[in-house]
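Enquirer: The structure is given below, and queries will be raised subsequently.
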Amino acid sequence: MTNTDNSHEWAAQAYALLKKRQEQQKQELEKQEQQKQELEKQEQQKQELEKQEQQELLDIPDKENIVEPELGEFDDNFTWSAMVLAAQGKKINQISIDEIDWLTKLRRGLEETRKGFVTELLDKLGDDPLTPESLDDLETLLIRADVGIDSTDKVISSLRTKLNEEVVGGEAGIKFLKKELKLIIDKPIKNSGSDLLVPQKGKLNVWLLVGVNGVGKTTTLGKLAYLSSNSNYKTLIAAADTFRAAAVEQLKVWGDRSNVDVISNQSKNADPAAVVFDAINSAKKRNVDLLLVDTAGRLQTKNNLMDELSKIRKIIDKKVPDAIVESLLVLDASQGQNGLKQAKSFAKSADLSGAIITKLDGTSRGGVSLAVSEEVNLPIRFIGAGEGIKDLRPFNSYEFVEAMLADK
Ligand SMILES: Nc1nc2c(ncn2[C@@H]2O[C@H](COP(=O)(O)OP(=O)(O)O)[C@@H](O)[C@H]2O)c(=O)[nH]1
Ligand SMILES: [Mg+2]
C-alpha cells in the first residue's frame with residue numbers, strides 16, 4: 001500500500017477521537033451517577049428529618065401525664081425544701097406540695113452542677129479558714145461550672161478583698177459566696193424594675209419565645225400556657241414556627257392540656273407574621289391577657305430568622321401599640337458556654353427583655369445562668385427542670401443559689 005503512513009495517521013486520529021469520546025462518556029456516566037447519589041442522599045435526609053419530626057410528635061407525653069405531685073418521704077429533700085421556703089418567710093400553713101416538689105426537682109437537677117463544685121469545694125476547704133490557695137481552687141471550680149469568666153472574676157476579687165480584711169472560715173466562705181452569686185443574678189432583675197414577670201391586667205401582654213432549635217421553646221411555651229391559665233389569665237397561643245411541620249401539632253397537644261387555644265396556619269411555610277396578625281385579632285376579640293408566641297429557631301439561615309422576628313415585632317407594635325411585649329430568649333443550660341454564645345448573638349439582633357433557662361435537670365452546667373446575667377445582662381424570668389407540664393417556675397435567685405450550693 002502506498003498510503004500506509006497516511007492510513008496509520010488516519011487510524012491514530014480515529015483512535016484518539018474514539019478514546020476521547022469514550023472518556024467523555026465515562027465522565028458523563030460518572031456525573032450522572034454522582035447526581036443520582038446526591039439526589040438519593042437529599043431524599044434520605046428529607047426522610048430522616050420527617051421521621052425525626054414524627055418522632056418528636058410521638059415524644060409528647062399524653063394528656064394523662066399531668067401528674068399531681070404526692071407528698072414523698074419526710075427526708076433530706078423535704079427538710080431542705082421546707083427550710084428554703086421558711087428562709088423566705090413562708091409560714092407552715094402557706095407551704096404547698098407543689099412547691100416542695102419543685103424545690104426537690106431543682107435541687108436534684110442541679111446535683112451534677114453541684115457535684116463538680118460544692119462537694120469538691122467543701123472537701124478542699126474543710127473547716128479551715130480560706131486561704132489564697134483555696135481561692136485559686138474556687139476559681140477553677142467556678143469556671144468549670146460554666147459560671148463564666150466575668151462572674152468568676154467578680155466573686156473571687158470580692159472574696160480576696162474580704163480575706164485581706166478578716167479571717168474567713170469555710171462555712172462563712174460559702175455564705176459569702178452565695179451572697180455574691182445572688183448579687184450577680186439579681187442585678188439585671190433589679191435593673192428591669194420588676195422582680196417577677198407576670199402579665200399586666202387590663203392590657204394585652206405578648207410574650208415571644210425565641211432561641212435556636214431544640215432548646216425547649218415549644219415545651220416552655222406549653223408549660224407557660226398551663227401556668228398562666230391556671231393563674232386565671234386569659235391565655236392564647238400563636239404557632240408562629242411555621243417552618244417545622246410538627247411544631248403546630250406539638251403546640252396543639254400542649255394547648256389541649258391547659259385548655260388554651262392555638263392560632264395557626266396549616267399551609268406549608270405560611271408567613272409567621274401573618275399568624276401573629278391573626279392571633280392578635282383573636283386576642284383582641286376575646287379579651288386575652290397573655291398571648292404566647294412560639295417562633296422558629298433554625299440557625300442555618302440566621303439572617304432570615306432575625307428578619308422574621310423583627311417583622312413579627314413590627315406587626316405587634318403596629319396593631320397593638322400599647323401591648324406589653326416581652327421577648328424571652330430560651331436557653332438550654334446543658335449547652336453551657338455554647339448557649340452563652342447564642343445568647344450574645346441573639347441579644348445583638350433581637351430586642352430581648354429576658355431569658356428562660358431550660359433543662360436544668362441533670363446538667364453539670366447550671367452555672368451558665370450566672371454568665372447569662374453577668375455577660376448578657378438579661379433578667380432570668382423562668383427556669384425549667386423537666387419535661388412535665390409543671391416543670392417550669394418563675395425564677396427565684398435565692399432558691400437557685402441555695403440549690404446550686406446545697407451541701408449534703
Ligand atoms: N429534660 C428536659 N428536657 C426538656 C426541657 N425542656 C424541653 N425539653 C426537651 O427538649 C426537646 C426539644 O424541645 P422543644 O420544645 O421542641 O424545643 P424547640 O425546638 O426550642 O421548640 C424536647 O424533647 C423536650 O421535651 C427541660 O426542662 N428538661
Ligand atoms: Mg419548637
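In the C-alpha cells, the first chain shown is A, the next is B, and so on; residue numbers restart at 1 for each chain, and ligands run from 1 in the order shown.
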At most 6 Å is the cut-off: for each residue in chain A with any atom that close to an atom of ligand 1, write down the nearest atom pair and the distance in Å rounded to one decimal, counting only C-alpha atoms and all ligand atoms, chain first then increasing number, as a Markdown table.

Expert:
```
| residue | atom | partner | partner_atom_place_in_ligand_line | distance |
| --- | --- | --- | --- | --- |
| A:Asn213 | CA | ligand 1 | 19 (O) | 4.0 |
| A:Gly214 | CA | ligand 1 | 19 (O) | 3.4 |
| A:Val215 | CA | ligand 1 | 20 (O) | 4.1 |
| A:Gly216 | CA | ligand 1 | 17 (O) | 3.3 |
| A:Lys217 | CA | ligand 1 | 20 (O) | 3.6 |
| A:Thr218 | CA | ligand 1 | 15 (O) | 3.7 |
| A:Thr219 | CA | ligand 1 | 15 (O) | 3.6 |
| A:Thr358 | CA | ligand 1 | 27 (O) | 4.3 |
| A:Lys359 | CA | ligand 1 | 27 (O) | 3.5 |
| A:Asp361 | CA | ligand 1 | 28 (N) | 5.7 |
| A:Gly384 | CA | ligand 1 | 27 (O) | 4.1 |
| A:Ala385 | CA | ligand 1 | 27 (O) | 4.1 |
| A:Gly386 | CA | ligand 1 | 28 (N) | 3.5 |
| A:Glu387 | CA | ligand 1 | 4 (C) | 4.8 |
```

Enquirer: Give the residue list for ligand 2 at 10 Å, counting only C-alpha atoms and all ligand atoms, as a PyMOL selection string, sorted by chain and then by residue number.

Expert: chain A and resi 56+209-221+239-244+246-248+250-251+294-298

Enquirer: Report as a VMD selection string: the residues of region 152-312 of chain A with a DSSP assignment of helix (DSSP H, G or I), based on the backbone of this structure.

Expert: chain A and resid 152 to 165 170 to 192 217 to 230 245 to 257 272 to 285 302 to 312

Enquirer: Do you know which residues are at most 9 Å from region 99-111 of chain A counting only C-alpha atoms, after dropping those on the same chain fewer than 6 positions away, and could you put them as a PyMOL selection string?

Expert: chain A and resi 69-72+77-78+80-82+84-85+359-366+384-386+390-393+399-400+402-406

Enquirer: Let me see the file: selected residues, C-alpha atoms, as an mmCIF file, in the first residue's frame.

Expert:
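Writing done, so here's result29.cif:
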```cif
data_model
loop_
_atom_site.group_PDB
_atom_site.id
_atom_site.type_symbol
_atom_site.label_atom_id
_atom_site.label_comp_id
_atom_site.auth_asym_id
_atom_site.auth_seq_id
_atom_site.Cartn_x
_atom_site.Cartn_y
_atom_site.Cartn_z
ATOM 1 C CA PRO A 69 -47.196 15.534 92.940
ATOM 2 C CA GLU A 70 -47.611 13.406 96.036
ATOM 3 C CA LEU A 71 -46.104 14.028 99.395
ATOM 4 C CA GLY A 72 -42.914 11.975 99.499
ATOM 5 C CA ASN A 77 -35.133 16.673 100.306
ATOM 6 C CA PHE A 78 -38.266 17.645 102.176
ATOM 7 C CA TRP A 80 -34.099 21.190 102.690
ATOM 8 C CA SER A 81 -37.032 22.423 100.585
ATOM 9 C CA ALA A 82 -39.042 23.403 103.657
ATOM 10 C CA VAL A 84 -35.581 27.190 101.826
ATOM 11 C CA LEU A 85 -39.244 28.202 101.891
ATOM 12 C CA LYS A 359 -33.113 21.606 81.065
ATOM 13 C CA LEU A 360 -31.661 22.371 84.469
ATOM 14 C CA ASP A 361 -32.494 18.782 85.338
ATOM 15 C CA GLY A 362 -29.384 16.698 85.103
ATOM 16 C CA THR A 363 -26.832 19.095 83.662
ATOM 17 C CA SER A 364 -23.455 19.894 85.141
ATOM 18 C CA ARG A 365 -23.601 23.358 83.600
ATOM 19 C CA GLY A 366 -26.254 25.090 85.659
ATOM 20 C CA GLY A 384 -37.377 24.651 83.519
ATOM 21 C CA ALA A 385 -36.227 21.436 85.116
ATOM 22 C CA GLY A 386 -38.048 18.608 83.349
ATOM 23 C CA LYS A 390 -45.431 21.564 85.910
ATOM 24 C CA ASP A 391 -41.671 21.589 85.479
ATOM 25 C CA LEU A 392 -41.376 25.331 84.972
ATOM 26 C CA ARG A 393 -41.358 28.017 87.604
ATOM 27 C CA GLU A 399 -33.787 29.223 95.633
ATOM 28 C CA PHE A 400 -31.496 28.822 92.652
ATOM 29 C CA GLU A 402 -29.345 27.583 97.506
ATOM 30 C CA ALA A 403 -29.985 24.619 95.195
ATOM 31 C CA MET A 404 -26.741 25.129 93.344
ATOM 32 C CA LEU A 405 -24.688 25.280 96.519
ATOM 33 C CA ALA A 406 -26.741 22.985 98.750
#
```

Enquirer: Please provide as a VMD selection string all residues within 12 Å of Thr152 (chain A), with the sequence filter that same-chain residues fewer than 2 positions apart are discarded (counting only C-alpha atoms).

Expert: chain A and resid 135 to 150 154 to 159 177 180 to 181 184 367 to 368 370 to 371 374 to 375

Enquirer: Pull N, CA and C atoms from the residues just selected and write them as a compact mmCIF listing (two decimals), in the first residue's frame.

Expert:
```txt
# COMPACT_ATOMS: atom_id res chain seq x y z
N LEU A 135 -8.76 29.99 97.22
CA LEU A 135 -9.43 30.87 96.27
C LEU A 135 -9.11 30.47 94.83
N ASP A 136 -7.85 30.04 94.63
CA ASP A 136 -7.47 29.57 93.29
C ASP A 136 -8.29 28.34 92.91
N ASP A 137 -8.45 27.43 93.89
CA ASP A 137 -9.27 26.24 93.63
C ASP A 137 -10.70 26.64 93.29
N LEU A 138 -11.21 27.57 94.07
CA LEU A 138 -12.59 28.01 93.86
C LEU A 138 -12.75 28.60 92.46
N GLU A 139 -11.74 29.37 92.05
CA GLU A 139 -11.78 29.99 90.72
C GLU A 139 -11.92 28.91 89.64
N THR A 140 -11.10 27.87 89.75
CA THR A 140 -11.16 26.77 88.78
C THR A 140 -12.54 26.12 88.79
N LEU A 141 -13.05 25.89 89.98
CA LEU A 141 -14.35 25.21 90.10
C LEU A 141 -15.47 26.04 89.49
N LEU A 142 -15.42 27.35 89.73
CA LEU A 142 -16.47 28.22 89.18
C LEU A 142 -16.43 28.22 87.66
N ILE A 143 -15.23 28.30 87.11
CA ILE A 143 -15.10 28.30 85.65
C ILE A 143 -15.62 26.97 85.10
N ARG A 144 -15.28 25.90 85.80
CA ARG A 144 -15.70 24.57 85.32
C ARG A 144 -17.22 24.41 85.36
N ALA A 145 -17.87 25.10 86.28
CA ALA A 145 -19.33 25.00 86.36
C ALA A 145 -20.00 25.98 85.39
N ASP A 146 -19.22 26.51 84.44
CA ASP A 146 -19.74 27.43 83.41
C ASP A 146 -20.28 28.75 83.94
N VAL A 147 -19.77 29.16 85.09
CA VAL A 147 -20.24 30.42 85.66
C VAL A 147 -19.79 31.61 84.80
N GLY A 148 -18.72 31.39 84.02
CA GLY A 148 -18.24 32.46 83.13
C GLY A 148 -17.11 33.23 83.77
N ILE A 149 -16.24 33.78 82.93
CA ILE A 149 -15.03 34.42 83.44
C ILE A 149 -15.34 35.71 84.21
N ASP A 150 -16.25 36.51 83.65
CA ASP A 150 -16.56 37.79 84.30
C ASP A 150 -17.12 37.61 85.71
N LYS A 154 -15.37 38.50 89.38
CA LYS A 154 -16.06 39.37 90.33
C LYS A 154 -16.10 38.72 91.72
N VAL A 155 -16.55 37.46 91.74
CA VAL A 155 -16.70 36.75 93.00
C VAL A 155 -15.35 36.58 93.69
N ILE A 156 -14.35 36.16 92.92
CA ILE A 156 -13.04 35.90 93.51
C ILE A 156 -12.43 37.18 94.06
N SER A 157 -12.59 38.30 93.32
CA SER A 157 -11.95 39.50 93.84
C SER A 157 -12.68 40.02 95.09
N SER A 158 -14.01 39.83 95.15
CA SER A 158 -14.70 40.21 96.40
C SER A 158 -14.19 39.37 97.56
N LEU A 159 -14.05 38.07 97.30
CA LEU A 159 -13.59 37.18 98.37
C LEU A 159 -12.18 37.54 98.80
N LEU A 177 -20.03 33.44 99.44
CA LEU A 177 -20.08 33.06 98.03
C LEU A 177 -21.53 33.10 97.52
N GLU A 180 -22.64 36.64 97.01
CA GLU A 180 -22.05 37.25 95.81
C GLU A 180 -22.72 36.75 94.53
N LEU A 181 -22.95 35.43 94.48
CA LEU A 181 -23.58 34.85 93.28
C LEU A 181 -24.99 35.41 93.10
N ILE A 184 -25.04 38.84 91.61
CA ILE A 184 -24.82 38.85 90.16
C ILE A 184 -26.12 38.53 89.42
N GLY A 367 -24.36 26.52 86.12
CA GLY A 367 -23.70 27.79 86.41
C GLY A 367 -23.83 28.80 85.29
N VAL A 368 -24.19 28.31 84.10
CA VAL A 368 -24.28 29.21 82.95
C VAL A 368 -25.33 30.31 83.18
N LEU A 370 -25.52 32.17 85.64
CA LEU A 370 -24.80 33.34 86.15
C LEU A 370 -24.14 34.11 85.02
N ALA A 371 -23.60 33.37 84.07
CA ALA A 371 -22.94 34.02 82.94
C ALA A 371 -23.96 34.80 82.12
N GLU A 374 -24.59 38.04 84.04
CA GLU A 374 -23.45 38.96 84.09
C GLU A 374 -23.04 39.44 82.69
N GLU A 375 -22.98 38.49 81.75
CA GLU A 375 -22.39 38.85 80.46
C GLU A 375 -23.41 39.32 79.42
```

Enquirer: Could you check which of A:Leu130, A:Ser349, A:Lys252, A:Thr235 is closest to Lys284 (chain A), using only C-alpha atoms?

Expert: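 Checking each candidate against Lys284 (chain A), we get A:Thr235 as the closest.
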
Enquirer: With a distance cut-off of 12 Å and only C-alpha atoms, select the neighbouring residues of region 265-280 of chain A, excluding the residue or stretch itself and same-chain residues fewer than 6 positions from it, and output the selection as a VMD selection string.

Expert: chain A and resid 204 to 208 235 to 249 252 286 to 296 304 to 305 307 to 321 323

Enquirer: Could you write those residues out with C-alpha atoms, as a PDB file, in the first residue's frame?

Expert:
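Result saved to selection07.pdb:
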```pdb
ATOM      1  CA  LEU A 204     -52.621  42.682  76.062  1.00  0.00           C
ATOM      2  CA  ASN A 205     -49.334  41.077  77.079  1.00  0.00           C
ATOM      3  CA  VAL A 206     -47.390  39.424  74.273  1.00  0.00           C
ATOM      4  CA  TRP A 207     -44.538  37.104  75.143  1.00  0.00           C
ATOM      5  CA  LEU A 208     -42.335  35.984  72.286  1.00  0.00           C
ATOM      6  CA  THR A 235     -54.330  32.928  77.509  1.00  0.00           C
ATOM      7  CA  LEU A 236     -53.875  32.318  73.777  1.00  0.00           C
ATOM      8  CA  ILE A 237     -51.085  30.661  71.783  1.00  0.00           C
ATOM      9  CA  ALA A 238     -49.769  31.758  68.366  1.00  0.00           C
ATOM     10  CA  ALA A 239     -48.000  28.998  66.448  1.00  0.00           C
ATOM     11  CA  ALA A 240     -45.544  31.196  64.573  1.00  0.00           C
ATOM     12  CA  ASP A 241     -42.966  28.481  63.989  1.00  0.00           C
ATOM     13  CA  THR A 242     -44.301  27.676  60.544  1.00  0.00           C
ATOM     14  CA  PHE A 243     -41.018  26.133  59.448  1.00  0.00           C
ATOM     15  CA  ARG A 244     -41.238  22.836  61.274  1.00  0.00           C
ATOM     16  CA  ALA A 245     -44.128  20.689  60.173  1.00  0.00           C
ATOM     17  CA  ALA A 246     -44.623  19.126  63.595  1.00  0.00           C
ATOM     18  CA  ALA A 247     -44.444  22.379  65.558  1.00  0.00           C
ATOM     19  CA  VAL A 248     -48.141  23.209  65.259  1.00  0.00           C
ATOM     20  CA  GLU A 249     -49.238  19.713  66.269  1.00  0.00           C
ATOM     21  CA  LYS A 252     -51.900  21.830  69.989  1.00  0.00           C
ATOM     22  CA  ARG A 286     -61.506  37.520  73.170  1.00  0.00           C
ATOM     23  CA  ASN A 287     -60.021  39.998  75.639  1.00  0.00           C
ATOM     24  CA  VAL A 288     -56.938  37.902  76.100  1.00  0.00           C
ATOM     25  CA  ASP A 289     -54.461  38.829  78.856  1.00  0.00           C
ATOM     26  CA  LEU A 290     -51.495  36.874  77.585  1.00  0.00           C
ATOM     27  CA  LEU A 291     -50.609  35.898  74.032  1.00  0.00           C
ATOM     28  CA  LEU A 292     -47.737  33.404  73.882  1.00  0.00           C
ATOM     29  CA  VAL A 293     -45.892  33.309  70.560  1.00  0.00           C
ATOM     30  CA  ASP A 294     -43.812  30.301  69.520  1.00  0.00           C
ATOM     31  CA  THR A 295     -41.156  31.127  66.922  1.00  0.00           C
ATOM     32  CA  ALA A 296     -38.806  29.218  64.630  1.00  0.00           C
ATOM     33  CA  ASN A 304     -33.826  35.350  57.761  1.00  0.00           C
ATOM     34  CA  LEU A 305     -34.668  34.344  61.267  1.00  0.00           C
ATOM     35  CA  ASP A 307     -35.769  39.440  59.818  1.00  0.00           C
ATOM     36  CA  GLU A 308     -38.683  37.191  60.645  1.00  0.00           C
ATOM     37  CA  LEU A 309     -38.512  38.158  64.325  1.00  0.00           C
ATOM     38  CA  SER A 310     -38.363  41.863  63.595  1.00  0.00           C
ATOM     39  CA  LYS A 311     -41.290  41.535  61.180  1.00  0.00           C
ATOM     40  CA  ILE A 312     -43.314  39.856  63.933  1.00  0.00           C
ATOM     41  CA  ARG A 313     -42.320  42.618  66.297  1.00  0.00           C
ATOM     42  CA  LYS A 314     -43.373  45.314  63.828  1.00  0.00           C
ATOM     43  CA  ILE A 315     -46.799  43.717  63.356  1.00  0.00           C
ATOM     44  CA  ILE A 316     -47.327  43.691  67.117  1.00  0.00           C
ATOM     45  CA  ASP A 317     -46.161  47.288  67.567  1.00  0.00           C
ATOM     46  CA  LYS A 318     -48.402  48.430  64.744  1.00  0.00           C
ATOM     47  CA  LYS A 319     -51.541  46.511  65.673  1.00  0.00           C
ATOM     48  CA  VAL A 320     -51.353  46.883  69.441  1.00  0.00           C
ATOM     49  CA  PRO A 321     -49.024  49.784  70.260  1.00  0.00           C
ATOM     50  CA  ALA A 323     -49.309  45.933  74.289  1.00  0.00           C
TER      51      ALA A 323
END
```

Enquirer: Would you work out the distance separating CA of Glu112 (chain A) from CA of Ile383 (chain A), expressed in Å to one decimal?

Expert: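 Spanning CA of Glu112 (chain A) to CA of Ile383 (chain A) is a straight-line distance of 16.5 Å.
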
Enquirer: Have a look at CA of Tyr226 (chain A) and CA of Gly255 (chain A) and let me know their distance in Å, one decimal.

Expert: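 That distance, rounded to one decimal, is 8.1 Å.
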
Enquirer: Hey, can you check how far CA of Ile389 (chain A) sits from CA of Lys223 (chain A)?

Expert: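 Spanning CA of Ile389 (chain A) to CA of Lys223 (chain A) is a straight-line distance of 4.9 Å.
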
Enquirer: Excluding Lys187 (chain A) and its own-chain neighbours fewer than 4 positions away, which residues fall within 10 Å of it when counting only C-alpha atoms? Please give them as an NGL selection string.

Expert: :A and (182-183 or 191-192 or 373-374 or 377-379)

Enquirer: Apply DSSP to the structure's backbone, then extract all residues of region 110-352 of chain A labelled strand (DSSP E) and return them as JSON, numbers by chain.

Expert: {"A": [205, 206, 207, 208, 209, 210, 235, 236, 237, 238, 239, 240, 261, 262, 263, 290, 291, 292, 293, 294, 295, 324, 325, 326, 327, 328, 329, 330, 331, 332]}

Enquirer: Using N, CA and C atoms, can you write the selected residues to a file as a PDB file, in the first residue's frame?

Expert:
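Below you can see result_24.pdb, which holds the result:
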```
ATOM      1  N   ASN A 205     -50.742  41.396  76.876  1.00  0.00           N
ATOM      2  CA  ASN A 205     -49.334  41.077  77.079  1.00  0.00           C
ATOM      3  C   ASN A 205     -48.938  40.069  76.007  1.00  0.00           C
ATOM      4  N   VAL A 206     -47.849  40.354  75.306  1.00  0.00           N
ATOM      5  CA  VAL A 206     -47.390  39.424  74.273  1.00  0.00           C
ATOM      6  C   VAL A 206     -45.991  38.947  74.640  1.00  0.00           C
ATOM      7  N   TRP A 207     -45.860  37.646  74.827  1.00  0.00           N
ATOM      8  CA  TRP A 207     -44.538  37.104  75.143  1.00  0.00           C
ATOM      9  C   TRP A 207     -44.050  36.276  73.969  1.00  0.00           C
ATOM     10  N   LEU A 208     -42.929  36.722  73.401  1.00  0.00           N
ATOM     11  CA  LEU A 208     -42.335  35.984  72.286  1.00  0.00           C
ATOM     12  C   LEU A 208     -41.264  35.054  72.828  1.00  0.00           C
ATOM     13  N   LEU A 209     -41.310  33.793  72.422  1.00  0.00           N
ATOM     14  CA  LEU A 209     -40.251  32.879  72.843  1.00  0.00           C
ATOM     15  C   LEU A 209     -39.291  32.655  71.688  1.00  0.00           C
ATOM     16  N   VAL A 210     -38.052  33.098  71.873  1.00  0.00           N
ATOM     17  CA  VAL A 210     -37.085  32.967  70.782  1.00  0.00           C
ATOM     18  C   VAL A 210     -35.871  32.161  71.235  1.00  0.00           C
ATOM     19  N   THR A 235     -55.566  33.201  78.254  1.00  0.00           N
ATOM     20  CA  THR A 235     -54.330  32.928  77.509  1.00  0.00           C
ATOM     21  C   THR A 235     -54.620  32.436  76.095  1.00  0.00           C
ATOM     22  N   LEU A 236     -53.745  32.792  75.156  1.00  0.00           N
ATOM     23  CA  LEU A 236     -53.875  32.318  73.777  1.00  0.00           C
ATOM     24  C   LEU A 236     -52.461  32.021  73.239  1.00  0.00           C
ATOM     25  N   ILE A 237     -52.390  31.022  72.347  1.00  0.00           N
ATOM     26  CA  ILE A 237     -51.085  30.661  71.783  1.00  0.00           C
ATOM     27  C   ILE A 237     -51.064  30.975  70.289  1.00  0.00           C
ATOM     28  N   ALA A 238     -49.962  31.571  69.806  1.00  0.00           N
ATOM     29  CA  ALA A 238     -49.769  31.758  68.366  1.00  0.00           C
ATOM     30  C   ALA A 238     -48.656  30.825  67.900  1.00  0.00           C
ATOM     31  N   ALA A 239     -48.997  29.957  66.940  1.00  0.00           N
ATOM     32  CA  ALA A 239     -48.000  28.998  66.448  1.00  0.00           C
ATOM     33  C   ALA A 239     -47.226  29.622  65.292  1.00  0.00           C
ATOM     34  N   ALA A 240     -46.264  30.479  65.623  1.00  0.00           N
ATOM     35  CA  ALA A 240     -45.544  31.196  64.573  1.00  0.00           C
ATOM     36  C   ALA A 240     -44.245  30.509  64.153  1.00  0.00           C
ATOM     37  N   ASP A 261     -56.386  27.885  73.519  1.00  0.00           N
ATOM     38  CA  ASP A 261     -56.494  27.750  72.064  1.00  0.00           C
ATOM     39  C   ASP A 261     -55.193  28.112  71.367  1.00  0.00           C
ATOM     40  N   VAL A 262     -55.014  27.466  70.214  1.00  0.00           N
ATOM     41  CA  VAL A 262     -53.808  27.724  69.420  1.00  0.00           C
ATOM     42  C   VAL A 262     -54.228  28.316  68.077  1.00  0.00           C
ATOM     43  N   ILE A 263     -53.690  29.490  67.747  1.00  0.00           N
ATOM     44  CA  ILE A 263     -53.960  30.086  66.436  1.00  0.00           C
ATOM     45  C   ILE A 263     -52.820  29.671  65.506  1.00  0.00           C
ATOM     46  N   LEU A 290     -52.847  37.258  77.979  1.00  0.00           N
ATOM     47  CA  LEU A 290     -51.495  36.874  77.585  1.00  0.00           C
ATOM     48  C   LEU A 290     -51.504  36.079  76.282  1.00  0.00           C
ATOM     49  N   LEU A 291     -50.786  36.622  75.295  1.00  0.00           N
ATOM     50  CA  LEU A 291     -50.609  35.898  74.032  1.00  0.00           C
ATOM     51  C   LEU A 291     -49.178  35.359  73.996  1.00  0.00           C
ATOM     52  N   LEU A 292     -49.059  34.031  73.914  1.00  0.00           N
ATOM     53  CA  LEU A 292     -47.737  33.404  73.882  1.00  0.00           C
ATOM     54  C   LEU A 292     -47.398  33.056  72.437  1.00  0.00           C
ATOM     55  N   VAL A 293     -46.246  33.523  71.962  1.00  0.00           N
ATOM     56  CA  VAL A 293     -45.892  33.309  70.560  1.00  0.00           C
ATOM     57  C   VAL A 293     -44.693  32.375  70.435  1.00  0.00           C
ATOM     58  N   ASP A 294     -44.909  31.236  69.782  1.00  0.00           N
ATOM     59  CA  ASP A 294     -43.812  30.301  69.520  1.00  0.00           C
ATOM     60  C   ASP A 294     -43.138  30.731  68.218  1.00  0.00           C
ATOM     61  N   THR A 295     -41.828  30.709  68.157  1.00  0.00           N
ATOM     62  CA  THR A 295     -41.156  31.127  66.922  1.00  0.00           C
ATOM     63  C   THR A 295     -40.179  30.050  66.450  1.00  0.00           C
ATOM     64  N   ILE A 324     -47.935  45.031  76.046  1.00  0.00           N
ATOM     65  CA  ILE A 324     -46.679  44.890  76.778  1.00  0.00           C
ATOM     66  C   ILE A 324     -45.949  43.688  76.204  1.00  0.00           C
ATOM     67  N   VAL A 325     -44.878  43.969  75.480  1.00  0.00           N
ATOM     68  CA  VAL A 325     -44.198  42.904  74.752  1.00  0.00           C
ATOM     69  C   VAL A 325     -42.936  42.459  75.495  1.00  0.00           C
ATOM     70  N   GLU A 326     -42.824  41.157  75.661  1.00  0.00           N
ATOM     71  CA  GLU A 326     -41.611  40.593  76.257  1.00  0.00           C
ATOM     72  C   GLU A 326     -40.987  39.662  75.228  1.00  0.00           C
ATOM     73  N   SER A 327     -39.712  39.837  74.974  1.00  0.00           N
ATOM     74  CA  SER A 327     -39.013  38.956  74.053  1.00  0.00           C
ATOM     75  C   SER A 327     -38.066  38.096  74.891  1.00  0.00           C
ATOM     76  N   LEU A 328     -38.455  36.837  75.062  1.00  0.00           N
ATOM     77  CA  LEU A 328     -37.730  35.987  76.012  1.00  0.00           C
ATOM     78  C   LEU A 328     -36.843  34.974  75.301  1.00  0.00           C
ATOM     79  N   LEU A 329     -35.570  35.031  75.590  1.00  0.00           N
ATOM     80  CA  LEU A 329     -34.630  34.102  74.967  1.00  0.00           C
ATOM     81  C   LEU A 329     -34.603  32.794  75.759  1.00  0.00           C
ATOM     82  N   VAL A 330     -34.893  31.693  75.057  1.00  0.00           N
ATOM     83  CA  VAL A 330     -34.868  30.394  75.714  1.00  0.00           C
ATOM     84  C   VAL A 330     -33.485  29.773  75.532  1.00  0.00           C
ATOM     85  N   LEU A 331     -32.887  29.355  76.641  1.00  0.00           N
ATOM     86  CA  LEU A 331     -31.530  28.795  76.607  1.00  0.00           C
ATOM     87  C   LEU A 331     -31.485  27.432  77.272  1.00  0.00           C
ATOM     88  N   ASP A 332     -30.795  26.520  76.625  1.00  0.00           N
ATOM     89  CA  ASP A 332     -30.652  25.167  77.146  1.00  0.00           C
ATOM     90  C   ASP A 332     -29.400  25.127  78.037  1.00  0.00           C
TER      91      ASP A 332
END
```
